[in-house]
Amino acid sequence: MIVPTNALFKHAYGKYAIGAYNINNLEQCMGLFQGNLQSKAPFIVQLSKGARSYSHKRMLESLMKTADEIFPDAVFAVHLDHGDEATCMDCINSGVYSSVMIDASHESFEKNIEITKRVVQAAHAKGLVVEAELGQLKGVEEDVHAAEHVYTNPEEAATFVKRTGCDSLACAIGTSHGAFKFKGDQKLRYDILTEIQKLLPGFPLVMHGSSSVPKEEVDRINAAGGNIKGACGVDADQFLGATKLGVTKINIDTDGRLVWCRVHREFFRDHPEMFDLRDPGKVFIPEYAKFIAAKNVKLGSAGQLDAARAFCKANQ
Ligand code: G3H
Ligand code: 13P
Ligand code: ZN
């Protein structure tokens, strides 16, 4: 069942975080749905601009519609990750998405408000909700590069939400995209979330760049011929604490890529004579499902499926 993203937020707020997982292909799609059903979790499927152009922007939307048919017990929202204005408008009009993210965080405060407001207006008119971003994650976000973290300013966040009417806010608290998040100890500014929650009680906050980059995955990739050095991620044992500060959606992409890489490197190392893409795919799908199910335990979303379904139905 494809559900409104804000219904999931209302159900989760303060109790658990919804896992928002980026996918790009059929194998990830199958593993994602299987893993969430195994762990009985509601979830968000995230499609990025890059994912949409990897095959064709309509291809993943067809997968979503078909997944909804073949996994009737799944409770999920379909979300555009890091959209620009034109991509948001395309997704709003597609009839498949539950929500879009407009990422104008690289623009000035006023310009970010101006663009976000336009997207909010178009989305709300069609019954979709909007995630916006204030502050900047260090590193690459879609096409934009920030040399340093620009932490979200809590007072600005409160003003931004009031003036744009956005429905959730991605906050920069020291995470970053990809596999190389920290040198040395993890330094996350949970104090910023505390301040934002005081000013915006009950308002859903989003943590991007939240992959854990498990050492075991990286070690196995390297043992099978990879060369990933200095990788480091976010401590998933802190997710439940973050949900008490308003974090309601947690974005995970890189960890799934690492599982993909480990499975395929090990498969072809151990079966150098094989070349059918379905053979490693048959290993990847259940491995990805296992990873999703384990992540949902850390997010607290595991076991929430039936309650979330009932809540979404009652609040239609
Ligand atoms: O925020 C970035 C996501 O991990 C999506 O990555 O743009 O390479 O699909 P992508
Ligand atoms: P990771 O790179 O940590 O998986 O973050 C993904 C993300 O924030 C997608 O928007
Ligand atoms: Zn992101």
# chains A, B, ... in the order shown; residues from 1 in each chain; ligands from 1

call {"tool": "residues_around", "arguments": {"residues": "segment 92-104 of chain A", "least_positions_apart": "2", "cutoff": "7 Å", "atoms": "only C-alpha atoms", "output": "ChimeraX atom specification"}}
result
/A:3-5,61,77-85,88-90,106-107,112,116,123,128-133

call {"tool": "write_last_selection", "arguments": {"atoms": "C-alpha atoms", "output": "PDB file, in the first residue's frame"}}
result
ATOM      1  CA  VAL A   3       0.721   5.761   1.736  1.00  0.00           C
ATOM      2  CA  PRO A   4       1.147   9.498   2.334  1.00  0.00           C
ATOM      3  CA  THR A   5       4.549  10.260   3.778  1.00  0.00           C
ATOM      4  CA  GLU A  61       7.942   4.493 -11.123  1.00  0.00           C
ATOM      5  CA  ALA A  77       5.856   5.916   0.620  1.00  0.00           C
ATOM      6  CA  VAL A  78       7.614   6.870  -2.616  1.00  0.00           C
ATOM      7  CA  HIS A  79       9.886   9.893  -2.251  1.00  0.00           C
ATOM      8  CA  LEU A  80      12.075  11.969  -4.559  1.00  0.00           C
ATOM      9  CA  ASP A  81      15.482  12.417  -2.908  1.00  0.00           C
ATOM     10  CA  HIS A  82      17.421  15.700  -3.422  1.00  0.00           C
ATOM     11  CA  GLY A  83      15.279  17.149  -6.192  1.00  0.00           C
ATOM     12  CA  ASP A  84      15.662  20.434  -8.008  1.00  0.00           C
ATOM     13  CA  GLU A  85      12.533  22.424  -8.818  1.00  0.00           C
ATOM     14  CA  CYS A  88      10.045  18.007  -8.129  1.00  0.00           C
ATOM     15  CA  MET A  89       7.386  19.278 -10.528  1.00  0.00           C
ATOM     16  CA  ASP A  90       7.792  16.213 -12.752  1.00  0.00           C
ATOM     17  CA  HIS A 106      23.039  25.647  -1.592  1.00  0.00           C
ATOM     18  CA  GLU A 107      21.057  28.821  -2.364  1.00  0.00           C
ATOM     19  CA  ASN A 112      15.815  28.673  -0.688  1.00  0.00           C
ATOM     20  CA  THR A 116      10.719  25.754  -1.581  1.00  0.00           C
ATOM     21  CA  ALA A 123       2.815  19.569  -4.094  1.00  0.00           C
ATOM     22  CA  LEU A 128       1.913  15.401  -1.733  1.00  0.00           C
ATOM     23  CA  VAL A 129       4.147  16.643   1.053  1.00  0.00           C
ATOM     24  CA  VAL A 130       7.541  18.301   0.828  1.00  0.00           C
ATOM     25  CA  GLU A 131      10.879  17.818   2.549  1.00  0.00           C
ATOM     26  CA  ALA A 132      13.201  20.820   2.357  1.00  0.00           C
ATOM     27  CA  GLU A 133      16.768  21.327   3.522  1.00  0.00           C
TER      28      GLU A 133
END

call {"tool": "residues_around", "arguments": {"residues": "Gln304 of chain A", "least_positions_apart": "4", "cutoff": "8 Å", "atoms": "only C-alpha atoms", "output": "ChimeraX atom specification"}}
result
/A:40-42,308

call {"tool": "atom_distance", "arguments": {"atom1": "atom CA of Ala179 of chain A", "atom2": "atom CA of Ser39 of chain A"}}
result
25.3 Å

call {"tool": "residues_near_ligand", "arguments": {"ligand": "ligand 2", "cutoff": "10 Å", "atoms": "only C-alpha atoms and all ligand atoms", "output": "ChimeraX atom specification"}}
result
/A:20-22,46-48,80-82,101,137,140-142,170,175-181,206-213,232-234,250-258

call {"tool": "residues_around", "arguments": {"residues": "Asp68 of chain A", "least_positions_apart": "2", "cutoff": "12 Å", "atoms": "only C-alpha atoms", "output": "PyMOL selection string"}}
result
chain A and resi 1-3+29-30+33+45+61-66+70-78+96

call {"tool": "residues_around", "arguments": {"residues": "Leu205 of chain A", "least_positions_apart": "5", "cutoff": "6 Å", "atoms": "only C-alpha atoms", "output": "JSON, numbers by chain"}}
result
{"A": [168, 169, 170, 246, 247, 248]}

call {"tool": "atom_distance", "arguments": {"atom1": "atom CA of Gln136 of chain A", "atom2": "atom CA of Ala172 of chain A"}}
result
5.7 Å

call {"tool": "closest_residue", "arguments": {"among": "A:Gly303, A:Gly139, A:Pro272, A:Gly35", "to": "ligand 3", "atoms": "only C-alpha atoms and all ligand atoms"}}
result
A:Gly139

call {"tool": "select_by_dssp", "arguments": {"residues": "segment 4-206 of chain A", "states": "strand (DSSP E or B)", "output": "PyMOL selection string"}}
result
chain A and resi 18-22+43-48+76-83+99-102+129-134+136+139-141+144-146+150+168-171+180+205-206

call {"tool": "select_by_dssp", "arguments": {"residues": "segment 5-184 of chain A", "states": "alpha helix (DSSP H)", "output": "PyMOL selection string"}}
result
chain A and resi 5-12+26-38+49-54+57-70+85-92+109-125+154-164

call {"tool": "closest_residue", "arguments": {"among": "A:Pro280, A:His149, A:Ala236, A:Ala7", "to": "Ala294 of chain A", "atoms": "only C-alpha atoms"}}
result
A:Ala236

call {"tool": "closest_residue", "arguments": {"among": "A:Leu240, A:Ala302, A:Cys171, A:Val119", "to": "ligand 3", "atoms": "only C-alpha atoms and all ligand atoms"}}
result
A:Cys171

call {"tool": "residues_around", "arguments": {"residues": "Tyr16 of chain A", "least_positions_apart": "6", "cutoff": "6 Å", "atoms": "only C-alpha atoms", "output": "count of residues only"}}
result
3

call {"tool": "atom_distance", "arguments": {"atom1": "atom CA of Pro154 of chain A", "atom2": "atom CA of Leu200 of chain A"}}
result
9.1 Å
